[in-house]
Structure formats: C-alpha cells, structure tokens
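A short worksheet on the structure shown next.
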Amino acid sequence: MADHKAKLFVFSAPSGSGKTTIVRDVLKNFPEFVFSVSVTTRKKRQAEKDGVDYFFITEEEFKKKIEAGEFVEWEKFYDYYYGTLKSFVDDNLAKGLSTVFEVDVKGALNIKKAYSNSVLIFIAPPSIEELKKRLTERNTETEEDFKKRIERAEMELSFKNNFDYVVSNTDLKWAKEEVKKIIEKEISEEI
Ligand code: 5GP
C-alpha cells in the first residue's frame, strides 16, 4: 500500500465490550494490516496462543524489558503487566504496514504520544449492566478479577472523550461496519 500512509489503529474498550471481536473483523477486512502482539505476564487463557494473542512471559522477564527500554508503553493492572513492543511497531512502520493495537486507555494515549500517526478508536459498551452480563457469560475470570474489571471499566469509560472516535457497540454488526468506514476514511488520505 505504498500510496497510503501506514497508520496505527489503536482500539480500547472495557473488557467485555466486544473489542476483540471487532479487532478480528478489522484484520479480516484489511488483511494487509498487522496485529501488534503485546507482551503480558498474565496466564494464557485456553483459546489463546503464545506469539499470536500475546507473548506470555514471566514478571522477571517483563521487568528486564522495562529496564532495557523495549516498550513504547506498558501498564500494570489486575496484578499483571502488559506492554507494547517498540521493535514490533517500528518494524511494521518501516515496512509501510498499518498496525492494529488492542490496549487499555492509558496505553492508547501513550501510543499516540509516541506516534502522531495513531488513530484512537474507543469501543463503548451499551451500559455497565450489559458489560457485567457479557463478562458473566464469558466466564473466564475469578469473582475477584470480575469485580476489578468492572471497576476498571468505569475508569476506562471516563477516558473515552480523549479518543479520535467513539463507537458504541449496542449492535455488533453496526459497530463492525462503523469501524470499517472509519478505517477506510483514514487510509484513503493520500501522503
Ligand atoms: P486481557 O487480560 O483481557 O487480555 O487484557 C486486559 C487489558 O489489557 C485490556 O484492556 C487490553 O486491551 C489491555 N492490554 C493488552 N495489551 C496491552 C498493552 O500492550 N498495553 C496496555 N497498556 N494494555 C494492554
């Protein structure tokens, strides 16, 4: 896509907002885009693959990477560390490839600080009640983690006005279409 600007499409949303489904749809619609695989110290969920969904490493390894300055940004929440690798982003940008991120709100704002060609997209859940229902149905968290995630969701929602776009996921099909239109508009801007 030499005619187009490589951009960083950064998605944030409280967990259970349908963000992962929307991000998968983006990668299907724009197969030339690359997903930024983050590094984390949390345990791998059953359906996840190391090196595909995340690079799963130990806390000790993570701390070494912080010291070595390997992250564009990193955050610690729910007792786990999550970080975006600078090398991953820079390699893709050097190849002219747009990259898709799925990070928390603070991570998104820090990515934009580091790379001005970032487009921040917030996926908003219809309501906190709906979010609780979705998280309960997903059933991947312990009760304590569930509570922490809801508190965090409330905090994340308070950041949505700092994003370039806010897409409400009341209807998944509509939200996917909306995101597709945003990306088409953003990549159609010639250099
Ligand atoms: P989960 O444990 O559900 O996969 O992710 C928990 C939260 O961490 C989500 O909000 C997810 O977007 C965020 N996250 C994943 N990778 C990164 C990262 O590299 N940096 C930051 N700041 N957040 C991340």
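Just remember, in the structure tokens the first chain shown is A, the second B, etc., residues are 1-based per chain, and ligands are 1-based in the order shown.
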Mind checking which residues fall within 12 Å of A:Glu141, counting only C-alpha atoms, ignoring those fewer than 3 positions away in the same chain, and posting them as a PDB file with all heavy atoms, in the first residue's frame?
```pdb
ATOM      1  N   SER A  15     -13.065  -4.474  29.106  1.00  0.00           N
ATOM      2  CA  SER A  15     -13.173  -5.872  28.663  1.00  0.00           C
ATOM      3  C   SER A  15     -14.632  -6.300  28.693  1.00  0.00           C
ATOM      4  O   SER A  15     -15.401  -5.873  29.551  1.00  0.00           O
ATOM      5  CB  SER A  15     -12.297  -6.805  29.482  1.00  0.00           C
ATOM      6  OG  SER A  15     -12.519  -6.614  30.838  1.00  0.00           O
ATOM      7  N   GLY A  16     -15.027  -7.072  27.699  1.00  0.00           N
ATOM      8  CA  GLY A  16     -16.425  -7.481  27.572  1.00  0.00           C
ATOM      9  C   GLY A  16     -17.220  -6.543  26.676  1.00  0.00           C
ATOM     10  O   GLY A  16     -18.426  -6.684  26.537  1.00  0.00           O
ATOM     11  N   ARG A  42       0.224 -12.171  32.438  1.00  0.00           N
ATOM     12  CA  ARG A  42      -0.940 -12.925  32.918  1.00  0.00           C
ATOM     13  C   ARG A  42      -0.959 -14.321  32.301  1.00  0.00           C
ATOM     14  O   ARG A  42      -0.293 -14.568  31.303  1.00  0.00           O
ATOM     15  CB  ARG A  42      -2.239 -12.160  32.659  1.00  0.00           C
ATOM     16  CG  ARG A  42      -2.867 -12.378  31.323  1.00  0.00           C
ATOM     17  CD  ARG A  42      -4.388 -12.329  31.396  1.00  0.00           C
ATOM     18  NE  ARG A  42      -4.998 -12.019  30.111  1.00  0.00           N
ATOM     19  CZ  ARG A  42      -5.050 -12.864  29.089  1.00  0.00           C
ATOM     20  NH1 ARG A  42      -4.482 -14.049  29.156  1.00  0.00           N
ATOM     21  NH2 ARG A  42      -5.633 -12.484  27.952  1.00  0.00           N
ATOM     22  N   LYS A  43      -1.755 -15.205  32.931  1.00  0.00           N
ATOM     23  CA  LYS A  43      -1.794 -16.586  32.450  1.00  0.00           C
ATOM     24  C   LYS A  43      -2.516 -16.659  31.118  1.00  0.00           C
ATOM     25  O   LYS A  43      -3.454 -15.916  30.861  1.00  0.00           O
ATOM     26  CB  LYS A  43      -2.537 -17.471  33.465  1.00  0.00           C
ATOM     27  CG  LYS A  43      -1.720 -17.768  34.687  1.00  0.00           C
ATOM     28  CD  LYS A  43      -2.387 -18.901  35.485  1.00  0.00           C
ATOM     29  CE  LYS A  43      -1.807 -18.976  36.877  1.00  0.00           C
ATOM     30  NZ  LYS A  43      -2.299 -17.873  37.751  1.00  0.00           N
ATOM     31  N   ARG A  45      -5.101 -17.846  28.487  1.00  0.00           N
ATOM     32  CA  ARG A  45      -6.434 -18.473  28.523  1.00  0.00           C
ATOM     33  C   ARG A  45      -6.436 -19.627  27.530  1.00  0.00           C
ATOM     34  O   ARG A  45      -5.627 -19.659  26.605  1.00  0.00           O
ATOM     35  CB  ARG A  45      -7.510 -17.450  28.128  1.00  0.00           C
ATOM     36  CG  ARG A  45      -7.648 -16.332  29.132  1.00  0.00           C
ATOM     37  CD  ARG A  45      -8.823 -15.410  28.784  1.00  0.00           C
ATOM     38  NE  ARG A  45      -8.797 -14.235  29.633  1.00  0.00           N
ATOM     39  CZ  ARG A  45      -8.895 -12.982  29.191  1.00  0.00           C
ATOM     40  NH1 ARG A  45      -9.058 -12.741  27.901  1.00  0.00           N
ATOM     41  NH2 ARG A  45      -8.857 -11.972  30.031  1.00  0.00           N
ATOM     42  N   TYR A  78      -4.603  -5.522  37.351  1.00  0.00           N
ATOM     43  CA  TYR A  78      -5.038  -6.839  37.836  1.00  0.00           C
ATOM     44  C   TYR A  78      -3.820  -7.677  38.262  1.00  0.00           C
ATOM     45  O   TYR A  78      -3.758  -8.875  37.998  1.00  0.00           O
ATOM     46  CB  TYR A  78      -5.804  -7.664  36.791  1.00  0.00           C
ATOM     47  CG  TYR A  78      -6.684  -6.919  35.836  1.00  0.00           C
ATOM     48  CD1 TYR A  78      -6.548  -7.120  34.470  1.00  0.00           C
ATOM     49  CD2 TYR A  78      -7.683  -6.081  36.284  1.00  0.00           C
ATOM     50  CE1 TYR A  78      -7.375  -6.476  33.577  1.00  0.00           C
ATOM     51  CE2 TYR A  78      -8.508  -5.423  35.395  1.00  0.00           C
ATOM     52  CZ  TYR A  78      -8.346  -5.614  34.034  1.00  0.00           C
ATOM     53  OH  TYR A  78      -9.150  -4.977  33.149  1.00  0.00           O
ATOM     54  N   LYS A 132     -21.511  -6.277  32.545  1.00  0.00           N
ATOM     55  CA  LYS A 132     -21.496  -7.304  33.600  1.00  0.00           C
ATOM     56  C   LYS A 132     -22.058  -8.610  33.055  1.00  0.00           C
ATOM     57  O   LYS A 132     -21.520  -9.688  33.298  1.00  0.00           O
ATOM     58  CB  LYS A 132     -22.339  -6.845  34.797  1.00  0.00           C
ATOM     59  CG  LYS A 132     -21.644  -5.832  35.671  1.00  0.00           C
ATOM     60  CD  LYS A 132     -22.505  -5.480  36.867  1.00  0.00           C
ATOM     61  CE  LYS A 132     -21.875  -4.365  37.679  1.00  0.00           C
ATOM     62  NZ  LYS A 132     -22.786  -3.706  38.592  1.00  0.00           N
ATOM     63  N   ARG A 134     -22.171  -9.606  29.902  1.00  0.00           N
ATOM     64  CA  ARG A 134     -21.251 -10.215  28.930  1.00  0.00           C
ATOM     65  C   ARG A 134     -20.062 -10.887  29.613  1.00  0.00           C
ATOM     66  O   ARG A 134     -19.646 -11.973  29.224  1.00  0.00           O
ATOM     67  CB  ARG A 134     -20.732  -9.154  27.943  1.00  0.00           C
ATOM     68  CG  ARG A 134     -21.798  -8.697  26.984  1.00  0.00           C
ATOM     69  CD  ARG A 134     -21.215  -7.697  26.006  1.00  0.00           C
ATOM     70  NE  ARG A 134     -22.253  -7.027  25.245  1.00  0.00           N
ATOM     71  CZ  ARG A 134     -22.019  -6.100  24.332  1.00  0.00           C
ATOM     72  NH1 ARG A 134     -20.804  -5.721  24.054  1.00  0.00           N
ATOM     73  NH2 ARG A 134     -23.002  -5.540  23.672  1.00  0.00           N
ATOM     74  N   LEU A 135     -19.539 -10.208  30.641  1.00  0.00           N
ATOM     75  CA  LEU A 135     -18.393 -10.787  31.357  1.00  0.00           C
ATOM     76  C   LEU A 135     -18.801 -12.070  32.086  1.00  0.00           C
ATOM     77  O   LEU A 135     -18.031 -13.029  32.147  1.00  0.00           O
ATOM     78  CB  LEU A 135     -17.823  -9.781  32.360  1.00  0.00           C
ATOM     79  CG  LEU A 135     -16.745  -8.826  31.865  1.00  0.00           C
ATOM     80  CD1 LEU A 135     -16.272  -7.947  32.996  1.00  0.00           C
ATOM     81  CD2 LEU A 135     -15.552  -9.583  31.282  1.00  0.00           C
ATOM     82  N   THR A 136     -20.022 -12.081  32.631  1.00  0.00           N
ATOM     83  CA  THR A 136     -20.520 -13.265  33.325  1.00  0.00           C
ATOM     84  C   THR A 136     -20.658 -14.421  32.329  1.00  0.00           C
ATOM     85  O   THR A 136     -20.261 -15.549  32.596  1.00  0.00           O
ATOM     86  CB  THR A 136     -21.900 -12.981  33.975  1.00  0.00           C
ATOM     87  OG1 THR A 136     -21.779 -11.795  34.739  1.00  0.00           O
ATOM     88  CG2 THR A 136     -22.363 -14.120  34.863  1.00  0.00           C
ATOM     89  N   GLU A 137     -21.186 -14.094  31.142  1.00  0.00           N
ATOM     90  CA  GLU A 137     -21.365 -15.133  30.120  1.00  0.00           C
ATOM     91  C   GLU A 137     -20.024 -15.694  29.645  1.00  0.00           C
ATOM     92  O   GLU A 137     -19.891 -16.878  29.389  1.00  0.00           O
ATOM     93  CB  GLU A 137     -22.139 -14.560  28.922  1.00  0.00           C
ATOM     94  CG  GLU A 137     -23.628 -14.478  29.196  1.00  0.00           C
ATOM     95  CD  GLU A 137     -24.375 -13.604  28.197  1.00  0.00           C
ATOM     96  OE1 GLU A 137     -23.758 -13.140  27.208  1.00  0.00           O
ATOM     97  OE2 GLU A 137     -25.569 -13.365  28.429  1.00  0.00           O
ATOM     98  N   ARG A 138     -19.019 -14.788  29.553  1.00  0.00           N
ATOM     99  CA  ARG A 138     -17.701 -15.225  29.078  1.00  0.00           C
ATOM    100  C   ARG A 138     -17.063 -16.176  30.090  1.00  0.00           C
ATOM    101  O   ARG A 138     -16.384 -17.125  29.714  1.00  0.00           O
ATOM    102  CB  ARG A 138     -16.802 -13.994  28.864  1.00  0.00           C
ATOM    103  CG  ARG A 138     -15.538 -14.322  28.140  1.00  0.00           C
ATOM    104  CD  ARG A 138     -14.808 -13.079  27.718  1.00  0.00           C
ATOM    105  NE  ARG A 138     -14.004 -12.531  28.801  1.00  0.00           N
ATOM    106  CZ  ARG A 138     -13.240 -11.461  28.680  1.00  0.00           C
ATOM    107  NH1 ARG A 138     -13.202 -10.803  27.553  1.00  0.00           N
ATOM    108  NH2 ARG A 138     -12.522 -11.032  29.694  1.00  0.00           N
ATOM    109  N   GLU A 144     -13.071 -12.247  41.986  1.00  0.00           N
ATOM    110  CA  GLU A 144     -12.286 -11.068  42.343  1.00  0.00           C
ATOM    111  C   GLU A 144     -11.835 -10.297  41.093  1.00  0.00           C
ATOM    112  O   GLU A 144     -11.940  -9.078  41.027  1.00  0.00           O
ATOM    113  CB  GLU A 144     -11.077 -11.517  43.158  1.00  0.00           C
ATOM    114  CG  GLU A 144     -10.532 -10.411  44.029  1.00  0.00           C
ATOM    115  CD  GLU A 144      -9.150 -10.747  44.517  1.00  0.00           C
ATOM    116  OE1 GLU A 144      -8.862 -11.942  44.727  1.00  0.00           O
ATOM    117  OE2 GLU A 144      -8.347  -9.812  44.680  1.00  0.00           O
ATOM    118  N   ASP A 145     -11.360 -11.041  40.089  1.00  0.00           N
ATOM    119  CA  ASP A 145     -10.946 -10.412  38.829  1.00  0.00           C
ATOM    120  C   ASP A 145     -12.129  -9.719  38.167  1.00  0.00           C
ATOM    121  O   ASP A 145     -12.000  -8.634  37.593  1.00  0.00           O
ATOM    122  CB  ASP A 145     -10.376 -11.459  37.860  1.00  0.00           C
ATOM    123  CG  ASP A 145      -8.881 -11.668  38.073  1.00  0.00           C
ATOM    124  OD1 ASP A 145      -8.291 -10.887  38.838  1.00  0.00           O
ATOM    125  OD2 ASP A 145      -8.329 -12.611  37.493  1.00  0.00           O
ATOM    126  N   PHE A 146     -13.296 -10.355  38.245  1.00  0.00           N
ATOM    127  CA  PHE A 146     -14.524  -9.814  37.658  1.00  0.00           C
ATOM    128  C   PHE A 146     -14.814  -8.434  38.253  1.00  0.00           C
ATOM    129  O   PHE A 146     -15.059  -7.463  37.540  1.00  0.00           O
ATOM    130  CB  PHE A 146     -15.679 -10.786  37.929  1.00  0.00           C
ATOM    131  CG  PHE A 146     -17.029 -10.302  37.480  1.00  0.00           C
ATOM    132  CD1 PHE A 146     -17.459 -10.493  36.170  1.00  0.00           C
ATOM    133  CD2 PHE A 146     -17.885  -9.663  38.372  1.00  0.00           C
ATOM    134  CE1 PHE A 146     -18.700 -10.043  35.751  1.00  0.00           C
ATOM    135  CE2 PHE A 146     -19.132  -9.204  37.967  1.00  0.00           C
ATOM    136  CZ  PHE A 146     -19.544  -9.405  36.651  1.00  0.00           C
ATOM    137  N   LYS A 147     -14.732  -8.344  39.597  1.00  0.00           N
ATOM    138  CA  LYS A 147     -15.009  -7.089  40.298  1.00  0.00           C
ATOM    139  C   LYS A 147     -14.003  -6.002  39.877  1.00  0.00           C
ATOM    140  O   LYS A 147     -14.375  -4.870  39.584  1.00  0.00           O
ATOM    141  CB  LYS A 147     -14.924  -7.335  41.816  1.00  0.00           C
ATOM    142  CG  LYS A 147     -15.758  -6.387  42.609  1.00  0.00           C
ATOM    143  CD  LYS A 147     -15.830  -6.800  44.078  1.00  0.00           C
ATOM    144  CE  LYS A 147     -15.810  -5.563  44.949  1.00  0.00           C
ATOM    145  NZ  LYS A 147     -14.531  -5.347  45.637  1.00  0.00           N
ATOM    146  N   LYS A 148     -12.753  -6.404  39.793  1.00  0.00           N
ATOM    147  CA  LYS A 148     -11.712  -5.448  39.410  1.00  0.00           C
ATOM    148  C   LYS A 148     -11.952  -4.937  37.987  1.00  0.00           C
ATOM    149  O   LYS A 148     -11.724  -3.788  37.677  1.00  0.00           O
ATOM    150  CB  LYS A 148     -10.335  -6.113  39.464  1.00  0.00           C
ATOM    151  CG  LYS A 148      -9.787  -6.263  40.856  1.00  0.00           C
ATOM    152  CD  LYS A 148      -8.337  -6.708  40.761  1.00  0.00           C
ATOM    153  CE  LYS A 148      -7.852  -7.322  42.047  1.00  0.00           C
ATOM    154  NZ  LYS A 148      -6.657  -8.136  41.872  1.00  0.00           N
ATOM    155  N   ARG A 149     -12.385  -5.854  37.115  1.00  0.00           N
ATOM    156  CA  ARG A 149     -12.609  -5.472  35.715  1.00  0.00           C
ATOM    157  C   ARG A 149     -13.770  -4.485  35.586  1.00  0.00           C
ATOM    158  O   ARG A 149     -13.731  -3.590  34.741  1.00  0.00           O
ATOM    159  CB  ARG A 149     -12.825  -6.710  34.840  1.00  0.00           C
ATOM    160  CG  ARG A 149     -11.501  -7.327  34.444  1.00  0.00           C
ATOM    161  CD  ARG A 149     -11.631  -8.621  33.671  1.00  0.00           C
ATOM    162  NE  ARG A 149     -10.329  -9.243  33.573  1.00  0.00           N
ATOM    163  CZ  ARG A 149      -9.543  -9.212  32.485  1.00  0.00           C
ATOM    164  NH1 ARG A 149      -9.951  -8.634  31.394  1.00  0.00           N
ATOM    165  NH2 ARG A 149      -8.364  -9.778  32.500  1.00  0.00           N
ATOM    166  N   ILE A 150     -14.792  -4.653  36.413  1.00  0.00           N
ATOM    167  CA  ILE A 150     -15.932  -3.720  36.358  1.00  0.00           C
ATOM    168  C   ILE A 150     -15.489  -2.332  36.840  1.00  0.00           C
ATOM    169  O   ILE A 150     -15.788  -1.318  36.212  1.00  0.00           O
ATOM    170  CB  ILE A 150     -17.133  -4.241  37.194  1.00  0.00           C
ATOM    171  CG1 ILE A 150     -17.719  -5.512  36.556  1.00  0.00           C
ATOM    172  CG2 ILE A 150     -18.224  -3.171  37.345  1.00  0.00           C
ATOM    173  CD1 ILE A 150     -18.275  -5.342  35.146  1.00  0.00           C
TER     174      ILE A 150
END
```
At a cut-off of 6 Å, can you tabulate as a tab-separated table every residue of chain A near ligand 1 together with its closest atom pair and the distance in Å to one decimal, using only C-alpha atoms and all ligand atoms and ordering rows by chain then number?
```
residue	atom	partner	partner_atom_place_in_ligand_line	distance
A:Ser12	CA	ligand 1	12 (O)	5.8
A:Pro14	CA	ligand 1	10 (O)	5.9
A:Ser15	CA	ligand 1	10 (O)	5.8
A:Ser38	CA	ligand 1	19 (O)	4.3
A:Trp74	CA	ligand 1	22 (N)	5.1
A:Glu75	CA	ligand 1	22 (N)	4.8
A:Tyr82	CA	ligand 1	18 (C)	4.5
A:Gly83	CA	ligand 1	19 (O)	3.4
A:Thr84	CA	ligand 1	19 (O)	3.9
A:Glu102	CA	ligand 1	12 (O)	4.6
A:Val103	CA	ligand 1	12 (O)	3.3
A:Asp104	CA	ligand 1	10 (O)	4.0
A:Gly107	CA	ligand 1	22 (N)	3.6
```
Keeping only N, CA and C atoms, take the residues you just selected and write them out as a PDB file, in the first residue's frame.
```
ATOM      1  N   SER A  12      -9.378   0.638  22.151  1.00  0.00           N
ATOM      2  CA  SER A  12      -9.506   0.456  23.596  1.00  0.00           C
ATOM      3  C   SER A  12     -10.972   0.278  23.916  1.00  0.00           C
ATOM      4  N   PRO A  14     -13.490  -1.225  27.611  1.00  0.00           N
ATOM      5  CA  PRO A  14     -13.531  -2.075  28.795  1.00  0.00           C
ATOM      6  C   PRO A  14     -13.674  -3.533  28.352  1.00  0.00           C
ATOM      7  N   SER A  15     -13.065  -4.474  29.106  1.00  0.00           N
ATOM      8  CA  SER A  15     -13.173  -5.872  28.663  1.00  0.00           C
ATOM      9  C   SER A  15     -14.632  -6.300  28.693  1.00  0.00           C
ATOM     10  N   SER A  38       1.074  -7.912  22.001  1.00  0.00           N
ATOM     11  CA  SER A  38       1.617  -7.356  23.245  1.00  0.00           C
ATOM     12  C   SER A  38       2.299  -8.439  24.070  1.00  0.00           C
ATOM     13  N   TRP A  74       3.829   0.587  28.758  1.00  0.00           N
ATOM     14  CA  TRP A  74       3.426  -0.612  29.493  1.00  0.00           C
ATOM     15  C   TRP A  74       2.567  -0.187  30.669  1.00  0.00           C
ATOM     16  N   GLU A  75       1.714  -1.090  31.122  1.00  0.00           N
ATOM     17  CA  GLU A  75       0.847  -0.808  32.266  1.00  0.00           C
ATOM     18  C   GLU A  75       0.798  -2.052  33.139  1.00  0.00           C
ATOM     19  N   TYR A  82       1.338  -5.568  31.156  1.00  0.00           N
ATOM     20  CA  TYR A  82       1.031  -5.627  29.717  1.00  0.00           C
ATOM     21  C   TYR A  82       1.869  -4.558  29.030  1.00  0.00           C
ATOM     22  N   GLY A  83       2.477  -4.864  27.890  1.00  0.00           N
ATOM     23  CA  GLY A  83       3.283  -3.843  27.213  1.00  0.00           C
ATOM     24  C   GLY A  83       3.326  -4.010  25.710  1.00  0.00           C
ATOM     25  N   THR A  84       3.536  -2.866  25.044  1.00  0.00           N
ATOM     26  CA  THR A  84       3.644  -2.834  23.578  1.00  0.00           C
ATOM     27  C   THR A  84       5.116  -2.732  23.203  1.00  0.00           C
ATOM     28  N   GLU A 102      -4.618  -3.445  20.511  1.00  0.00           N
ATOM     29  CA  GLU A 102      -5.728  -3.617  21.443  1.00  0.00           C
ATOM     30  C   GLU A 102      -5.135  -3.405  22.834  1.00  0.00           C
ATOM     31  N   VAL A 103      -5.264  -2.207  23.333  1.00  0.00           N
ATOM     32  CA  VAL A 103      -4.618  -1.858  24.607  1.00  0.00           C
ATOM     33  C   VAL A 103      -5.586  -1.095  25.508  1.00  0.00           C
ATOM     34  N   ASP A 104      -5.192  -0.858  26.737  1.00  0.00           N
ATOM     35  CA  ASP A 104      -6.079  -0.103  27.633  1.00  0.00           C
ATOM     36  C   ASP A 104      -5.992   1.387  27.298  1.00  0.00           C
ATOM     37  N   GLY A 107      -2.645   3.177  27.737  1.00  0.00           N
ATOM     38  CA  GLY A 107      -1.711   2.684  26.719  1.00  0.00           C
ATOM     39  C   GLY A 107      -1.977   3.376  25.384  1.00  0.00           C
TER      40      GLY A 107
END
```
Taking into account only C-alpha atoms, which residue in the set A:Glu73, A:Ala68, A:Gly51, A:Glu130 is nearest to A:Lys113?
A:Glu73
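Nearest residue to A:Phe71, choosing from A:Phe88, A:Phe30, A:Phe56, A:Phe122 and counting only C-alpha atoms: A:Phe88.
Between atom CA of A:Lys5 and atom CA of A:Val167 the separation is 22.8 Å.
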From the list A:Leu97, A:Ile121, A:Ile57, A:Ala153, which residue is nearest A:Thr40 when using only C-alpha atoms?
A:Ile57
Nearest residue to A:Glu151 out of A:Tyr165, A:Trp174, A:Phe33, A:Phe77, using only C-alpha atoms?
A:Phe77
Find the residues near A:Phe163: any atom within 12 Å, counting only C-alpha atoms, skip ones fewer than 5 places away on the same chain, and give them as a list in words.
Phe9, Val10, Phe11, Ser12, Ala13, Asp104, Val105, Lys106, Gly107, Ala108, Leu109, Asn110, Ile111, Lys112, Ser118, Val119, Leu120, Ile121, Phe122, Ile123, Ala124, Glu156, Leu157 and Ser158 of chain A
Any chance you could export the current selection's C-alpha atoms as a PDB file, in the first residue's frame?
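And here is the file that came out, out.pdb:
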```
ATOM      1  CA  PHE A   9      -5.172   1.908  14.678  1.00  0.00           C
ATOM      2  CA  VAL A  10      -5.447   1.714  18.425  1.00  0.00           C
ATOM      3  CA  PHE A  11      -8.531   0.102  19.970  1.00  0.00           C
ATOM      4  CA  SER A  12      -9.506   0.456  23.596  1.00  0.00           C
ATOM      5  CA  ALA A  13     -12.586  -0.642  25.448  1.00  0.00           C
ATOM      6  CA  ASP A 104      -6.079  -0.103  27.633  1.00  0.00           C
ATOM      7  CA  VAL A 105      -6.963   3.607  27.532  1.00  0.00           C
ATOM      8  CA  LYS A 106      -3.735   4.857  29.080  1.00  0.00           C
ATOM      9  CA  GLY A 107      -1.711   2.684  26.719  1.00  0.00           C
ATOM     10  CA  ALA A 108      -3.636   4.141  23.765  1.00  0.00           C
ATOM     11  CA  LEU A 109      -2.890   7.719  24.810  1.00  0.00           C
ATOM     12  CA  ASN A 110       0.793   6.865  25.296  1.00  0.00           C
ATOM     13  CA  ILE A 111       0.994   5.253  21.849  1.00  0.00           C
ATOM     14  CA  LYS A 112      -0.420   8.449  20.349  1.00  0.00           C
ATOM     15  CA  SER A 118      -2.123   6.968  15.551  1.00  0.00           C
ATOM     16  CA  VAL A 119      -5.896   6.773  15.262  1.00  0.00           C
ATOM     17  CA  LEU A 120      -7.551   6.070  18.613  1.00  0.00           C
ATOM     18  CA  ILE A 121     -10.873   4.208  18.500  1.00  0.00           C
ATOM     19  CA  PHE A 122     -12.873   3.608  21.685  1.00  0.00           C
ATOM     20  CA  ILE A 123     -15.449   0.812  21.642  1.00  0.00           C
ATOM     21  CA  ALA A 124     -18.111   1.689  24.205  1.00  0.00           C
ATOM     22  CA  GLU A 156     -11.850   3.478  31.178  1.00  0.00           C
ATOM     23  CA  LEU A 157     -15.230   4.911  30.170  1.00  0.00           C
ATOM     24  CA  SER A 158     -14.230   8.225  31.728  1.00  0.00           C
TER      25      SER A 158
END
```
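For the atom pair formed by atom CA of A:Ser36 and atom CA of A:Val100, the distance is 5.9 Å, given to one decimal.
Taking atom CA of A:Val34 as the reference point, atom CA of A:Ala94 is found at 12.6 Å.
The alpha helix (DSSP H) portion of stretch 66-132 of chain A consists of A:Ile66, A:Glu67, A:Lys86, A:Ser87, A:Phe88, A:Val89, A:Asp90, A:Asp91, A:Asn92, A:Leu93, A:Ala94, A:Val105, A:Lys106, A:Gly107, A:Ala108, A:Leu109, A:Asn110, A:Ile111, A:Lys112, A:Lys113, A:Ala114, A:Ile128, A:Glu129, A:Glu130, A:Leu131, A:Lys132, with states taken from DSSP on the backbone.
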Kindly export the residues of the current selection with N, CA, C and O atoms, as a short mmCIF file (atom, residue, chain, number, x, y, z; two decimals), in the first residue's frame.
```
data_model
loop_
_atom_site.label_atom_id
_atom_site.label_comp_id
_atom_site.auth_asym_id
_atom_site.auth_seq_id
_atom_site.Cartn_x
_atom_site.Cartn_y
_atom_site.Cartn_z
N ILE A 66 11.50 -3.74 30.61
CA ILE A 66 11.24 -2.34 31.01
C ILE A 66 12.59 -1.63 31.13
O ILE A 66 12.80 -0.56 30.56
N GLU A 67 13.50 -2.28 31.86
CA GLU A 67 14.82 -1.68 32.08
C GLU A 67 15.57 -1.45 30.77
O GLU A 67 16.27 -0.46 30.61
N LYS A 86 8.31 -1.79 21.21
CA LYS A 86 8.73 -0.75 20.29
C LYS A 86 9.22 -1.37 18.96
O LYS A 86 8.88 -0.90 17.89
N SER A 87 9.99 -2.46 19.07
CA SER A 87 10.55 -3.08 17.86
C SER A 87 9.45 -3.56 16.93
O SER A 87 9.54 -3.42 15.70
N PHE A 88 8.39 -4.08 17.52
CA PHE A 88 7.26 -4.60 16.72
C PHE A 88 6.66 -3.46 15.89
O PHE A 88 6.44 -3.59 14.68
N VAL A 89 6.41 -2.34 16.55
CA VAL A 89 5.77 -1.19 15.88
C VAL A 89 6.71 -0.63 14.81
O VAL A 89 6.31 -0.43 13.66
N ASP A 90 7.96 -0.41 15.19
CA ASP A 90 8.90 0.23 14.26
C ASP A 90 9.17 -0.64 13.03
O ASP A 90 9.26 -0.12 11.92
N ASP A 91 9.26 -1.95 13.23
CA ASP A 91 9.49 -2.84 12.08
C ASP A 91 8.34 -2.73 11.08
O ASP A 91 8.55 -2.66 9.88
N ASN A 92 7.11 -2.72 11.60
CA ASN A 92 5.95 -2.64 10.70
C ASN A 92 5.87 -1.30 10.00
O ASN A 92 5.57 -1.23 8.81
N LEU A 93 6.12 -0.24 10.75
CA LEU A 93 6.06 1.09 10.13
C LEU A 93 7.13 1.23 9.05
O LEU A 93 6.89 1.79 7.99
N ALA A 94 8.31 0.66 9.31
CA ALA A 94 9.40 0.72 8.32
C ALA A 94 8.99 0.00 7.03
O ALA A 94 9.41 0.39 5.94
N VAL A 105 -6.87 2.18 27.91
CA VAL A 105 -6.96 3.61 27.53
C VAL A 105 -5.66 4.38 27.73
O VAL A 105 -5.29 5.19 26.87
N LYS A 106 -4.98 4.11 28.83
CA LYS A 106 -3.74 4.86 29.08
C LYS A 106 -2.67 4.46 28.06
O LYS A 106 -1.93 5.30 27.57
N GLY A 107 -2.64 3.18 27.74
CA GLY A 107 -1.71 2.68 26.72
C GLY A 107 -1.98 3.38 25.38
O GLY A 107 -1.05 3.78 24.69
N ALA A 108 -3.26 3.51 25.04
CA ALA A 108 -3.64 4.14 23.76
C ALA A 108 -3.12 5.59 23.72
O ALA A 108 -2.51 6.01 22.72
N LEU A 109 -3.33 6.32 24.79
CA LEU A 109 -2.89 7.72 24.81
C LEU A 109 -1.37 7.81 24.73
O LEU A 109 -0.82 8.69 24.08
N ASN A 110 -0.68 6.86 25.36
CA ASN A 110 0.79 6.87 25.30
C ASN A 110 1.31 6.49 23.91
O ASN A 110 2.34 7.00 23.47
N ILE A 111 0.59 5.61 23.22
CA ILE A 111 0.99 5.25 21.85
C ILE A 111 0.87 6.49 20.96
O ILE A 111 1.74 6.80 20.16
N LYS A 112 -0.23 7.23 21.16
CA LYS A 112 -0.42 8.45 20.35
C LYS A 112 0.67 9.49 20.63
O LYS A 112 1.11 10.20 19.73
N LYS A 113 1.11 9.56 21.88
CA LYS A 113 2.19 10.50 22.22
C LYS A 113 3.47 10.13 21.47
O LYS A 113 4.22 10.97 21.02
N ALA A 114 3.72 8.81 21.36
CA ALA A 114 4.95 8.34 20.72
C ALA A 114 4.84 8.37 19.19
O ALA A 114 5.83 8.57 18.51
N ILE A 128 -23.03 -0.39 31.73
CA ILE A 128 -22.26 -1.20 32.69
C ILE A 128 -23.01 -2.52 32.97
O ILE A 128 -22.39 -3.58 33.09
N GLU A 129 -24.33 -2.46 33.00
CA GLU A 129 -25.14 -3.67 33.26
C GLU A 129 -24.90 -4.72 32.17
O GLU A 129 -24.70 -5.89 32.43
N GLU A 130 -24.90 -4.23 30.92
CA GLU A 130 -24.70 -5.13 29.79
C GLU A 130 -23.28 -5.73 29.85
O GLU A 130 -23.07 -6.90 29.57
N LEU A 131 -22.34 -4.88 30.25
CA LEU A 131 -20.95 -5.33 30.38
C LEU A 131 -20.84 -6.45 31.42
O LEU A 131 -20.17 -7.46 31.18
N LYS A 132 -21.51 -6.28 32.55
CA LYS A 132 -21.50 -7.30 33.60
C LYS A 132 -22.06 -8.61 33.05
O LYS A 132 -21.52 -9.69 33.30
#
```
